[in-house]
Amino acid sequence: MLNIPEELATRLNLLEDHLPQILELGLRELNAISQTGFTGMAEVLEFLAQLPTPEEIIALCP
């Protein structure tokens with residue numbers, strides 16, 4: 001059983017269909033933070049997960 005704040009539960013209920021993706025991205029973020037040499041990697045992965053246009057990818061400055 002998980003104990004989470006009511007405000008967070010409300011926000012997650014609105015995104016119930018995306019909960020697996022939200023958890024996966026969150027776990028990736030935590031893993032990226034704990035690994036040295038991967039600063040900013042989570043932001044890049046999040047950006048790519050949004051399926052950016054070719055122009056947006058070219059403009060990316062990690």
# chains A, B, ... in the order shown; residues from 1 in each chain; ligands from 1
>>> residues_around(residues="range 18-33 of chain A", least_positions_apart="5", cutoff="10 Å", atoms="only C-alpha atoms", output="list of chain:residue names")
A:Leu12, A:Asn13, A:Phe38, A:Thr39, A:Gly40, A:Met41, A:Ala42, A:Glu43, A:Leu45, A:Glu46, A:Ala49
>>> select_by_dssp(residues="range 22-59 of chain A", states="alpha helix (DSSP H)", output="ChimeraX atom specification")
/A:22-34,41-49,54-59
>>> residues_around(residues="range 58-62 of chain A", least_positions_apart="2", cutoff="8 Å", atoms="only C-alpha atoms", output="list in words")
Gly40, Val44, Pro54, Glu55 and Glu56 of chain A
